$ cat structure_39.pdb   # PDB, C-alpha atoms
ATOM      1  CA  MET A   1      67.531  65.544 215.993
ATOM      2  CA  ARG A   2      69.166  68.900 216.432
ATOM      3  CA  ALA A   3      67.102  72.075 215.993
ATOM      4  CA  ILE A   4      67.947  74.299 212.993
ATOM      5  CA  SER A   5      68.724  77.870 213.949
ATOM      6  CA  ILE A   6      67.021  80.865 212.326
ATOM      7  CA  ARG A   7      70.412  82.047 211.043
ATOM      8  CA  THR A   8      70.900  78.769 209.166
ATOM      9  CA  VAL A   9      67.428  78.978 207.602
ATOM     10  CA  ILE A  10      68.085  82.548 206.383
ATOM     11  CA  PHE A  11      71.416  81.424 204.890
ATOM     12  CA  PHE A  12      69.785  78.624 202.873
ATOM     13  CA  VAL A  13      66.991  80.922 201.620
ATOM     14  CA  VAL A  14      69.446  83.581 200.398
ATOM     15  CA  ALA A  15      71.628  80.945 198.739
ATOM     16  CA  SER A  16      68.612  79.456 196.938
ATOM     17  CA  PHE A  17      67.609  82.824 195.496
ATOM     18  CA  ALA A  18      71.190  83.445 194.307
ATOM     19  CA  ILE A  19      71.326  80.083 192.514
ATOM     20  CA  LEU A  20      67.926  80.678 190.906
ATOM     21  CA  GLY A  21      68.969  84.141 189.701
ATOM     22  CA  ALA A  22      72.163  82.806 188.162
ATOM     23  CA  ALA A  23      70.219  80.110 186.323
ATOM     24  CA  CYS A  24      67.792  82.661 184.911
ATOM     25  CA  ASN A  25      70.617  84.898 183.717
ATOM     26  CA  PHE A  26      72.348  81.966 182.042
ATOM     27  CA  GLN A  27      69.227  81.043 180.069
ATOM     28  CA  THR A  28      68.062  84.550 179.130
ATOM     29  CA  PRO A  29      67.090  84.639 175.427
ATOM     30  CA  ALA A  30      66.495  87.707 173.289
ATOM     31  CA  ALA A  31      62.711  88.032 173.490
ATOM     32  CA  SER A  32      59.985  90.560 173.567
ATOM     33  CA  LEU A  33      58.296  91.530 176.800
ATOM     34  CA  SER A  34      55.409  89.313 175.786
ATOM     35  CA  GLY A  35      57.739  86.342 175.794
ATOM     36  CA  GLY A  36      58.113  86.004 172.021
ATOM     37  CA  PRO A  37      61.172  86.402 169.799
ATOM     38  CA  VAL A  38      62.408  89.473 167.987
ATOM     39  CA  LEU A  39      63.457  88.540 164.458
ATOM     40  CA  GLY A  40      65.893  90.600 162.392
ATOM     41  CA  ALA A  41      66.778  90.380 158.724
ATOM     42  CA  SER A  42      70.421  91.232 159.345
ATOM     43  CA  ASP A  43      71.068  91.818 163.058
ATOM     44  CA  PRO A  44      71.765  88.880 165.383
ATOM     45  CA  VAL A  45      68.771  88.142 167.571
ATOM     46  CA  SER A  46      70.813  88.898 170.686
ATOM     47  CA  GLN A  47      71.533  92.420 169.438
ATOM     48  CA  VAL A  48      67.988  93.431 168.520
ATOM     49  CA  ALA A  49      66.093  95.743 170.861
ATOM     50  CA  VAL A  50      63.298  94.371 173.044
ATOM     51  CA  TYR A  51      59.729  95.454 172.213
ATOM     52  CA  PRO A  52      56.438  94.996 174.137
ATOM     53  CA  TYR A  53      55.264  92.607 171.393
ATOM     54  CA  ASP A  54      56.738  89.976 169.106
ATOM     55  CA  ALA A  55      58.502  91.923 166.355
ATOM     56  CA  ILE A  56      60.451  91.823 163.121
ATOM     57  CA  VAL A  57      63.184  94.422 162.612
ATOM     58  CA  VAL A  58      64.088  94.733 158.946
ATOM     59  CA  SER A  59      65.863  97.094 156.525
ATOM     60  CA  GLY A  60      65.089  97.895 152.915
ATOM     61  CA  PHE A  61      67.119  99.536 150.182
ATOM     62  CA  GLY A  62      65.970 101.399 147.105
ATOM     63  CA  SER A  63      67.665 103.039 144.147
ATOM     64  CA  ALA A  64      66.563 105.243 141.270
ATOM     65  CA  SER A  65      68.597 106.559 138.350
ATOM     66  CA  ALA A  66      68.282 109.189 135.656
ATOM     67  CA  THR A  67      70.275 110.855 132.922
ATOM     68  CA  PRO A  68      72.405 113.669 134.413
ATOM     69  CA  ASP A  69      71.763 117.251 133.387
ATOM     70  CA  LEU A  70      75.019 118.864 134.533
ATOM     71  CA  ALA A  71      78.767 118.214 134.561
ATOM     72  CA  ARG A  72      81.309 119.316 137.164
ATOM     73  CA  LEU A  73      84.891 119.997 136.114
ATOM     74  CA  SER A  74      87.892 120.275 138.424
ATOM     75  CA  LEU A  75      91.012 121.761 136.837
ATOM     76  CA  ALA A  76      94.027 123.869 137.733
ATOM     77  CA  VAL A  77      97.091 125.633 136.362
ATOM     78  CA  SER A  78     100.414 124.703 137.931
ATOM     79  CA  VAL A  79     103.608 126.702 137.390
ATOM     80  CA  THR A  80     107.119 126.114 138.732
ATOM     81  CA  ASP A  81     109.678 128.948 138.497
ATOM     82  CA  ASP A  82     112.747 130.266 140.249
ATOM     83  CA  THR A  83     110.830 132.749 142.410
ATOM     84  CA  VAL A  84     107.356 132.958 143.879
ATOM     85  CA  ALA A  85     106.742 136.214 142.043
ATOM     86  CA  ASP A  86     107.574 134.748 138.635
ATOM     87  CA  ALA A  87     105.540 131.561 139.271
ATOM     88  CA  ARG A  88     102.542 133.537 140.514
ATOM     89  CA  LYS A  89     102.626 135.904 137.524
ATOM     90  CA  THR A  90     102.724 133.080 134.968
ATOM     91  CA  ALA A  91      99.989 131.151 136.807
ATOM     92  CA  ALA A  92      97.791 134.255 136.948
ATOM     93  CA  GLU A  93      98.148 134.821 133.205
ATOM     94  CA  ALA A  94      97.342 131.188 132.445
ATOM     95  CA  MET A  95      94.310 131.090 134.744
ATOM     96  CA  THR A  96      93.004 134.341 133.245
ATOM     97  CA  ASP A  97      93.129 132.726 129.819
ATOM     98  CA  VAL A  98      91.441 129.556 131.092
ATOM     99  CA  ARG A  99      88.640 131.534 132.759
ATOM    100  CA  ALA A 100      88.088 133.535 129.587
ATOM    101  CA  SER A 101      87.800 130.340 127.519
ATOM    102  CA  ILE A 102      85.195 129.005 129.957
ATOM    103  CA  LYS A 103      83.219 132.258 130.028
ATOM    104  CA  ARG A 104      82.915 132.164 126.230
ATOM    105  CA  HIS A 105      80.548 129.234 126.721
ATOM    106  CA  ARG A 106      78.201 131.479 128.741
ATOM    107  CA  ILE A 107      78.950 129.721 132.029
ATOM    108  CA  LEU A 108      77.525 131.784 134.909
ATOM    109  CA  ASN A 109      79.904 133.415 137.401
ATOM    110  CA  SER A 110      78.106 131.548 140.178
ATOM    111  CA  ASP A 111      79.133 128.261 138.515
ATOM    112  CA  ILE A 112      82.842 129.141 138.482
ATOM    113  CA  ALA A 113      84.684 128.994 141.807
ATOM    114  CA  THR A 114      88.293 128.886 142.955
ATOM    115  CA  SER A 115      88.854 125.516 144.617
ATOM    116  CA  HIS A 116      92.379 126.151 145.904
ATOM    117  CA  PHE A 117      95.410 128.434 145.676
ATOM    118  CA  ARG A 118      98.712 126.989 146.877
ATOM    119  CA  ILE A 119     102.374 128.035 146.894
ATOM    120  CA  HIS A 120     105.116 125.637 147.971
ATOM    121  CA  PRO A 121     108.871 125.209 147.410
ATOM    122  CA  GLU A 122     110.136 122.613 144.954
ATOM    123  CA  TYR A 123     113.135 120.403 145.768
ATOM    124  CA  GLU A 124     115.435 118.171 143.802
ATOM    125  CA  TYR A 125     117.027 115.183 145.493
ATOM    126  CA  GLY A 126     120.535 114.038 144.571
ATOM    127  CA  PRO A 127     123.669 112.465 146.034
ATOM    128  CA  ASP A 128     124.345 115.582 148.097
ATOM    129  CA  GLY A 129     120.836 115.658 149.563
ATOM    130  CA  ARG A 130     117.941 118.013 148.993
ATOM    131  CA  GLU A 131     118.331 121.194 146.946
ATOM    132  CA  GLN A 132     115.626 123.790 146.401
ATOM    133  CA  ILE A 133     115.083 124.468 142.709
ATOM    134  CA  GLY A 134     112.198 126.925 142.816
ATOM    135  CA  TYR A 135     108.578 127.432 143.767
ATOM    136  CA  THR A 136     105.287 126.022 142.480
ATOM    137  CA  VAL A 137     102.070 128.003 142.329
ATOM    138  CA  SER A 138      98.849 126.026 141.805
ATOM    139  CA  ASN A 139      95.501 127.705 141.188
ATOM    140  CA  GLY A 140      92.460 125.398 141.041
ATOM    141  CA  LEU A 141      89.017 125.940 139.585
ATOM    142  CA  SER A 142      85.643 124.179 139.966
ATOM    143  CA  VAL A 143      83.235 124.640 137.070
ATOM    144  CA  THR A 144      79.616 123.522 136.798
ATOM    145  CA  VAL A 145      78.414 123.079 133.212
ATOM    146  CA  ARG A 146      74.609 122.986 133.176
ATOM    147  CA  ASP A 147      74.409 121.997 129.523
ATOM    148  CA  ILE A 148      76.198 118.653 129.203
ATOM    149  CA  ASP A 149      76.407 119.064 125.438
ATOM    150  CA  LYS A 150      78.876 121.904 126.093
ATOM    151  CA  ALA A 151      81.108 119.915 128.452
ATOM    152  CA  ALA A 152      83.467 118.551 125.800
ATOM    153  CA  SER A 153      83.981 122.003 124.252
ATOM    154  CA  VAL A 154      84.577 123.598 127.659
ATOM    155  CA  ILE A 155      87.224 120.973 128.418
ATOM    156  CA  ASP A 156      88.985 121.292 125.071
ATOM    157  CA  ASP A 157      88.999 125.086 125.129
ATOM    158  CA  SER A 158      90.358 125.198 128.686
ATOM    159  CA  ILE A 159      93.135 122.787 127.679
ATOM    160  CA  ALA A 160      93.976 124.952 124.682
ATOM    161  CA  ALA A 161      94.005 128.083 126.858
ATOM    162  CA  GLY A 162      96.099 126.599 129.655
ATOM    163  CA  GLY A 163      98.420 124.560 127.461
ATOM    164  CA  ASP A 164     101.066 122.533 129.257
ATOM    165  CA  LEU A 165     100.361 124.442 132.475
ATOM    166  CA  LEU A 166      96.854 123.012 132.782
ATOM    167  CA  VAL A 167      96.119 120.114 135.138
ATOM    168  CA  PHE A 168      92.736 118.414 134.680
ATOM    169  CA  ASN A 169      91.786 116.759 137.977
ATOM    170  CA  ASN A 170      88.296 115.354 137.612
ATOM    171  CA  LEU A 171      85.042 115.183 135.685
ATOM    172  CA  SER A 172      81.773 114.086 137.316
ATOM    173  CA  PHE A 173      78.099 114.192 136.417
ATOM    174  CA  GLY A 174      75.061 115.054 138.496
ATOM    175  CA  LEU A 175      71.505 116.304 138.660
ATOM    176  CA  SER A 176      70.378 119.818 139.454
ATOM    177  CA  ASP A 177      67.334 118.433 141.324
ATOM    178  CA  THR A 178      67.216 114.959 142.917
ATOM    179  CA  THR A 179      63.784 115.345 144.562
ATOM    180  CA  GLU A 180      61.943 112.958 142.240
ATOM    181  CA  LEU A 181      64.788 110.422 142.313
ATOM    182  CA  GLU A 182      64.786 110.440 146.110
ATOM    183  CA  LYS A 183      61.016 109.891 146.131
ATOM    184  CA  SER A 184      61.279 106.905 143.766
ATOM    185  CA  ALA A 185      64.216 105.424 145.697
ATOM    186  CA  ARG A 186      62.332 105.847 148.976
ATOM    187  CA  GLU A 187      59.286 104.029 147.584
ATOM    188  CA  ALA A 188      61.486 101.190 146.334
ATOM    189  CA  ALA A 189      63.160 100.920 149.752
ATOM    190  CA  ILE A 190      59.782 100.632 151.510
ATOM    191  CA  ASP A 191      58.701  97.898 149.083
ATOM    192  CA  ASP A 192      61.969  96.048 149.667
ATOM    193  CA  MET A 193      61.582  96.308 153.445
ATOM    194  CA  ARG A 194      57.968  95.036 153.331
ATOM    195  CA  GLU A 195      58.917  92.072 151.123
ATOM    196  CA  LYS A 196      61.695  91.024 153.484
ATOM    197  CA  ALA A 197      59.376  91.311 156.486
ATOM    198  CA  ASN A 198      56.753  89.135 154.772
ATOM    199  CA  GLN A 199      59.370  86.504 154.000
ATOM    200  CA  LEU A 200      60.642  86.433 157.581
ATOM    201  CA  ALA A 201      57.111  86.055 158.932
ATOM    202  CA  GLU A 202      56.291  83.306 156.426
ATOM    203  CA  PHE A 203      59.504  81.380 157.101
ATOM    204  CA  SER A 204      58.796  81.637 160.846
ATOM    205  CA  ASP A 205      55.224  80.313 160.452
ATOM    206  CA  ARG A 206      53.874  83.585 161.780
ATOM    207  CA  GLU A 207      51.656  86.352 160.445
ATOM    208  CA  LEU A 208      52.966  89.833 159.739
ATOM    209  CA  GLY A 209      51.252  92.568 161.718
ATOM    210  CA  ASP A 210      51.242  96.352 161.504
ATOM    211  CA  LEU A 211      54.278  98.513 160.865
ATOM    212  CA  LYS A 212      55.046 100.036 164.269
ATOM    213  CA  ALA A 213      58.057 102.225 163.490
ATOM    214  CA  VAL A 214      60.016 103.344 160.440
ATOM    215  CA  SER A 215      63.142 105.433 159.946
ATOM    216  CA  GLU A 216      65.246 106.541 157.014
ATOM    217  CA  GLY A 217      69.008 106.289 156.893
ATOM    218  CA  ASP A 218      71.359 108.696 155.189
ATOM    219  CA  PHE A 219      71.391 108.934 151.449
ATOM    220  CA  GLY A 220      74.220 106.951 149.947
ATOM    221  CA  GLY A 221      76.358 109.996 149.214
ATOM    222  CA  PRO A 222      75.961 112.249 146.209
ATOM    223  CA  PRO A 223      74.483 110.927 142.965
ATOM    224  CA  VAL A 224      76.741 108.189 141.642
ATOM    225  CA  PRO A 225      77.699 108.176 137.950
ATOM    226  CA  PHE A 226      77.890 104.847 136.091
ATOM    227  CA  PRO A 227      79.604 104.708 133.734
ATOM    228  CA  ALA A 228      81.204 108.036 132.824
ATOM    229  CA  ALA A 229      84.241 108.369 130.603
ATOM    230  CA  LEU A 230      86.694 111.094 129.653
ATOM    231  CA  ALA A 231      89.265 110.465 126.947
ATOM    232  CA  ARG A 232      91.712 112.642 125.041
ATOM    233  CA  SER A 233      91.049 112.633 121.314
ATOM    234  CA  GLU A 234      93.803 111.348 119.046
ATOM    235  CA  SER A 235      93.009 114.132 116.594
ATOM    236  CA  ALA A 236      93.104 117.802 117.495
ATOM    237  CA  GLY A 237      90.154 118.330 115.155
ATOM    238  CA  LEU A 238      87.776 116.270 117.314
ATOM    239  CA  ASP A 239      86.069 117.175 120.560
ATOM    240  CA  THR A 240      87.037 115.148 123.600
ATOM    241  CA  PRO A 241      84.538 112.241 123.662
ATOM    242  CA  ILE A 242      82.428 112.167 126.831
ATOM    243  CA  SER A 243      79.800 109.681 128.045
ATOM    244  CA  SER A 244      77.601 110.840 130.915
ATOM    245  CA  GLY A 245      75.841 107.518 131.581
ATOM    246  CA  GLU A 246      73.294 107.750 134.403
ATOM    247  CA  VAL A 247      73.416 108.903 138.010
ATOM    248  CA  ALA A 248      71.719 107.036 140.859
ATOM    249  CA  VAL A 249      70.365 107.947 144.289
ATOM    250  CA  THR A 250      70.045 105.252 146.966
ATOM    251  CA  VAL A 251      67.946 105.263 150.146
ATOM    252  CA  SER A 252      67.902 102.899 153.137
ATOM    253  CA  ILE A 253      64.802 102.399 155.307
ATOM    254  CA  SER A 254      64.487 100.487 158.596
ATOM    255  CA  GLY A 255      61.224  99.383 160.147
ATOM    256  CA  VAL A 256      59.681  97.419 163.031
ATOM    257  CA  TYR A 257      56.700  95.170 162.276
ATOM    258  CA  GLU A 258      54.536  93.415 164.827
ATOM    259  CA  LEU A 259      54.739  89.635 164.539
ATOM    260  CA  LYS A 260      51.420  87.907 165.220
TER     261      LYS A 260
END

$ encode --input "structure_39.pdb" --output "structure tokens"
Amino acid sequence: MRAISIRTVIFFVVASFAILGAACNFQTPAASLSGGPVLGASDPVSQVAVYPYDAIVVSGFGSASATPDLARLSLAVSVTDDTVADARKTAAEAMTDVRASIKRHRILNSDIATSHFRIHPEYEYGPDGREQIGYTVSNGLSVTVRDIDKAASVIDDSIAAGGDLLVFNNLSFGLSDTTELEKSAREAAIDDMREKANQLAEFSDRELGDLKAVSEGDFGGPPVPFPAALARSESAGLDTPISSGEVAVTVSISGVYELK
């Protein structure tokens, strides 16, 4: 029997460790440092972070709504004329009249703001190509009406003042203070998160432990109106009918619970 050299022994030892390491990597599951799983309500197990205990990672969502107490109007006057000077002059006169109609409703100066002022050439397209036919001046206004009961009158009076030059872009509703709504939505999100965590623990035949970490996501944008309607009246003697509906604030919460 031939003697085995030291070099051969070293080779076999190194090769054995390499094979063992590859096998371990191939079988690596997503688990906590204690050897247990990390369960998630929405994330795949393989994508959930590793914690020094068995854990549940879960998200909760909450929403709260209320009747809005303000309306936001976006409108403009748009004038097309042969020259910039003529278009600007007519637009200025029209916007002055529109502002005056709005001010008659005792809207504060701080609630009236210019949203844009634009000048651009206008073209007409025909068989011979493009031909410039004049210039358009557009002057936009953002108005916050803090008494919703006045919103319809503000709209109608601004339309009467601006006439065919007025462009009404948008009407939205909101709340002057969302603090209480955010608090209620946050509480609902925590309750939702806790309920999901309890279900995951129960379905896994485990016991839910302490909440180890919690974080809040961004609010779901500005308050959302549902539903809100704006319609032109068929009769000039009627105010424009408006329905404010309710606005809602949503909150998302994420938490990590220990899994016993």

$ resolve_selection --input "structure_39.pdb" --expression "the PyMOL selection byres ((chain A and resi 255) around 6)" --output "number ranges by chain"
A: 57-58, 213-214, 254, 256

$ residues_around --input "structure_39.pdb" --residues "region 115-129 of chain A" --least-positions-apart "2" --cutoff "12 Å" --atoms "only C-alpha atoms" --output "CSV table (one decimal) with C-alpha atoms, in the coordinates of the input"
chain,number,residue,atom,x,y,z
A,73,LEU,CA,84.9,120.0,136.1
A,74,SER,CA,87.9,120.3,138.4
A,75,LEU,CA,91.0,121.8,136.8
A,76,ALA,CA,94.0,123.9,137.7
A,77,VAL,CA,97.1,125.6,136.4
A,78,SER,CA,100.4,124.7,137.9
A,79,VAL,CA,103.6,126.7,137.4
A,80,THR,CA,107.1,126.1,138.7
A,81,ASP,CA,109.7,128.9,138.5
A,82,ASP,CA,112.7,130.3,140.2
A,83,THR,CA,110.8,132.7,142.4
A,84,VAL,CA,107.4,133.0,143.9
A,85,ALA,CA,106.7,136.2,142.0
A,86,ASP,CA,107.6,134.7,138.6
A,87,ALA,CA,105.5,131.6,139.3
A,88,ARG,CA,102.5,133.5,140.5
A,91,ALA,CA,100.0,131.2,136.8
A,92,ALA,CA,97.8,134.3,136.9
A,95,MET,CA,94.3,131.1,134.7
A,111,ASP,CA,79.1,128.3,138.5
A,112,ILE,CA,82.8,129.1,138.5
A,113,ALA,CA,84.7,129.0,141.8
A,131,GLU,CA,118.3,121.2,146.9
A,132,GLN,CA,115.6,123.8,146.4
A,133,ILE,CA,115.1,124.5,142.7
A,134,GLY,CA,112.2,126.9,142.8
A,135,TYR,CA,108.6,127.4,143.8
A,136,THR,CA,105.3,126.0,142.5
A,137,VAL,CA,102.1,128.0,142.3
A,138,SER,CA,98.8,126.0,141.8
A,139,ASN,CA,95.5,127.7,141.2
A,140,GLY,CA,92.5,125.4,141.0
A,141,LEU,CA,89.0,125.9,139.6
A,142,SER,CA,85.6,124.2,140.0
A,143,VAL,CA,83.2,124.6,137.1
A,169,ASN,CA,91.8,116.8,138.0

$ resolve_selection --input "structure_39.pdb" --expression "the PyMOL selection byres ((chain A and resi 63) around 10)" --output "list in words"
Phe61, Gly62, Ala64, Ser65, Leu181, Glu182, Lys183, Ser184, Ala185, Arg186, Glu187, Ala188, Ala189, Gly220, Ala248, Val249, Thr250, Val251 and Ser252 of chain A

$ atom_distance --input "structure_39.pdb" --atom1 "CA of Thr114 (chain A)" --atom2 "CA of Ala66 (chain A)"
29.0 Å

$ atom_distance --input "structure_39.pdb" --atom1 "CA of Glu246 (chain A)" --atom2 "CA of Asn109 (chain A)"
26.7 Å

$ atom_distance --input "structure_39.pdb" --atom1 "CA of Pro68 (chain A)" --atom2 "CA of Thr179 (chain A)"
13.4 Å

$ residues_around --input "structure_39.pdb" --residues "region 148-153 of chain A" --least-positions-apart "4" --cutoff "7 Å" --atoms "all atoms listed in the file" --output "PyMOL selection string"
chain A and resi 69-71+157+239-242

$ residues_near_point --input "structure_39.pdb" --point "(91.1, 121.0, 130.7)" --cutoff "7 Å" --atoms "only C-alpha atoms" --output "number ranges by chain"
A: 75, 155-156, 158-159, 166-168

$ closest_residue --input "structure_39.pdb" --among "A:Ser59, A:Ser172, A:Gln199, A:Ser204" --to "Val145 (chain A)" --atoms "all atoms listed in the file"
A:Ser172

$ axis_aligned_box --input "structure_39.pdb" --around "region 94-100 of chain A" --padding-each-side "8 Å" --output "JSON"
{"center_x": 92.7, "center_y": 131.9, "center_z": 132.2, "size_x": 25.3, "size_y": 20.8, "size_z": 21.2}

$ resolve_selection --input "structure_39.pdb" --expression "the PyMOL selection byres ((chain A and resi 216) around 6)" --output "ChimeraX atom specification"
/A:215,217,252-253

$ closest_residue --input "structure_39.pdb" --among "A:Thr67, A:Thr90, A:Thr96, A:Ser101" --to "Val154 (chain A)" --atoms "only C-alpha atoms"
A:Ser101

$ closest_residue --input "structure_39.pdb" --among "A:Asp210, A:Glu202, A:Asp192, A:Asp164" --to "Ala94 (chain A)" --atoms "only C-alpha atoms"
A:Asp164

$ decode --input "structure_39.pdb" --residues "region 186-209 of chain A" --atoms "N, CA and C atoms" --output "PDB file, in the first residue's frame"
ATOM      1  N   ARG A 186     -54.313  56.940  11.777  1.00  0.00           N
ATOM      2  CA  ARG A 186     -53.149  56.260  12.352  1.00  0.00           C
ATOM      3  C   ARG A 186     -53.581  55.163  13.332  1.00  0.00           C
ATOM      4  N   GLU A 187     -54.581  55.457  14.148  1.00  0.00           N
ATOM      5  CA  GLU A 187     -55.092  54.461  15.092  1.00  0.00           C
ATOM      6  C   GLU A 187     -55.688  53.266  14.351  1.00  0.00           C
ATOM      7  N   ALA A 188     -56.427  53.548  13.276  1.00  0.00           N
ATOM      8  CA  ALA A 188     -57.017  52.465  12.488  1.00  0.00           C
ATOM      9  C   ALA A 188     -55.933  51.618  11.818  1.00  0.00           C
ATOM     10  N   ALA A 189     -54.850  52.242  11.385  1.00  0.00           N
ATOM     11  CA  ALA A 189     -53.760  51.505  10.748  1.00  0.00           C
ATOM     12  C   ALA A 189     -53.062  50.582  11.753  1.00  0.00           C
ATOM     13  N   ILE A 190     -52.871  51.051  12.977  1.00  0.00           N
ATOM     14  CA  ILE A 190     -52.263  50.213  14.016  1.00  0.00           C
ATOM     15  C   ILE A 190     -53.154  49.009  14.316  1.00  0.00           C
ATOM     16  N   ASP A 191     -54.463  49.246  14.429  1.00  0.00           N
ATOM     17  CA  ASP A 191     -55.393  48.142  14.684  1.00  0.00           C
ATOM     18  C   ASP A 191     -55.355  47.121  13.548  1.00  0.00           C
ATOM     19  N   ASP A 192     -55.293  47.614  12.322  1.00  0.00           N
ATOM     20  CA  ASP A 192     -55.247  46.731  11.159  1.00  0.00           C
ATOM     21  C   ASP A 192     -53.964  45.907  11.156  1.00  0.00           C
ATOM     22  N   MET A 193     -52.848  46.550  11.484  1.00  0.00           N
ATOM     23  CA  MET A 193     -51.562  45.852  11.532  1.00  0.00           C
ATOM     24  C   MET A 193     -51.576  44.768  12.612  1.00  0.00           C
ATOM     25  N   ARG A 194     -52.104  45.082  13.801  1.00  0.00           N
ATOM     26  CA  ARG A 194     -52.144  44.121  14.903  1.00  0.00           C
ATOM     27  C   ARG A 194     -53.036  42.920  14.555  1.00  0.00           C
ATOM     28  N   GLU A 195     -54.155  43.171  13.902  1.00  0.00           N
ATOM     29  CA  GLU A 195     -55.063  42.084  13.527  1.00  0.00           C
ATOM     30  C   GLU A 195     -54.398  41.142  12.526  1.00  0.00           C
ATOM     31  N   LYS A 196     -53.703  41.699  11.567  1.00  0.00           N
ATOM     32  CA  LYS A 196     -53.003  40.855  10.588  1.00  0.00           C
ATOM     33  C   LYS A 196     -51.915  40.023  11.257  1.00  0.00           C
ATOM     34  N   ALA A 197     -51.179  40.641  12.188  1.00  0.00           N
ATOM     35  CA  ALA A 197     -50.117  39.922  12.885  1.00  0.00           C
ATOM     36  C   ALA A 197     -50.692  38.769  13.702  1.00  0.00           C
ATOM     37  N   ASN A 198     -51.813  39.004  14.382  1.00  0.00           N
ATOM     38  CA  ASN A 198     -52.456  37.939  15.155  1.00  0.00           C
ATOM     39  C   ASN A 198     -52.901  36.786  14.254  1.00  0.00           C
ATOM     40  N   GLN A 199     -53.421  37.107  13.094  1.00  0.00           N
ATOM     41  CA  GLN A 199     -53.851  36.070  12.166  1.00  0.00           C
ATOM     42  C   GLN A 199     -52.667  35.245  11.680  1.00  0.00           C
ATOM     43  N   LEU A 200     -51.579  35.908  11.335  1.00  0.00           N
ATOM     44  CA  LEU A 200     -50.395  35.189  10.852  1.00  0.00           C
ATOM     45  C   LEU A 200     -49.849  34.253  11.933  1.00  0.00           C
ATOM     46  N   ALA A 201     -49.811  34.749  13.177  1.00  0.00           N
ATOM     47  CA  ALA A 201     -49.318  33.904  14.262  1.00  0.00           C
ATOM     48  C   ALA A 201     -50.254  32.709  14.478  1.00  0.00           C
ATOM     49  N   GLU A 202     -51.550  32.960  14.460  1.00  0.00           N
ATOM     50  CA  GLU A 202     -52.519  31.882  14.671  1.00  0.00           C
ATOM     51  C   GLU A 202     -52.426  30.839  13.560  1.00  0.00           C
ATOM     52  N   PHE A 203     -52.363  31.297  12.312  1.00  0.00           N
ATOM     53  CA  PHE A 203     -52.309  30.365  11.187  1.00  0.00           C
ATOM     54  C   PHE A 203     -51.003  29.574  11.161  1.00  0.00           C
ATOM     55  N   SER A 204     -49.967  30.119  11.829  1.00  0.00           N
ATOM     56  CA  SER A 204     -48.668  29.442  11.878  1.00  0.00           C
ATOM     57  C   SER A 204     -48.499  28.596  13.134  1.00  0.00           C
ATOM     58  N   ASP A 205     -49.583  28.485  13.939  1.00  0.00           N
ATOM     59  CA  ASP A 205     -49.532  27.748  15.202  1.00  0.00           C
ATOM     60  C   ASP A 205     -48.442  28.283  16.121  1.00  0.00           C
ATOM     61  N   ARG A 206     -48.340  29.604  16.146  1.00  0.00           N
ATOM     62  CA  ARG A 206     -47.383  30.262  17.032  1.00  0.00           C
ATOM     63  C   ARG A 206     -48.121  31.282  17.884  1.00  0.00           C
ATOM     64  N   GLU A 207     -47.392  31.897  18.802  1.00  0.00           N
ATOM     65  CA  GLU A 207     -47.958  32.915  19.676  1.00  0.00           C
ATOM     66  C   GLU A 207     -47.305  34.252  19.374  1.00  0.00           C
ATOM     67  N   LEU A 208     -48.139  35.294  19.267  1.00  0.00           N
ATOM     68  CA  LEU A 208     -47.617  36.613  18.939  1.00  0.00           C
ATOM     69  C   LEU A 208     -46.953  37.240  20.154  1.00  0.00           C
ATOM     70  N   GLY A 209     -45.741  37.731  19.957  1.00  0.00           N
ATOM     71  CA  GLY A 209     -45.006  38.379  21.037  1.00  0.00           C
ATOM     72  C   GLY A 209     -45.120  39.888  20.993  1.00  0.00           C
TER      73      GLY A 209
END
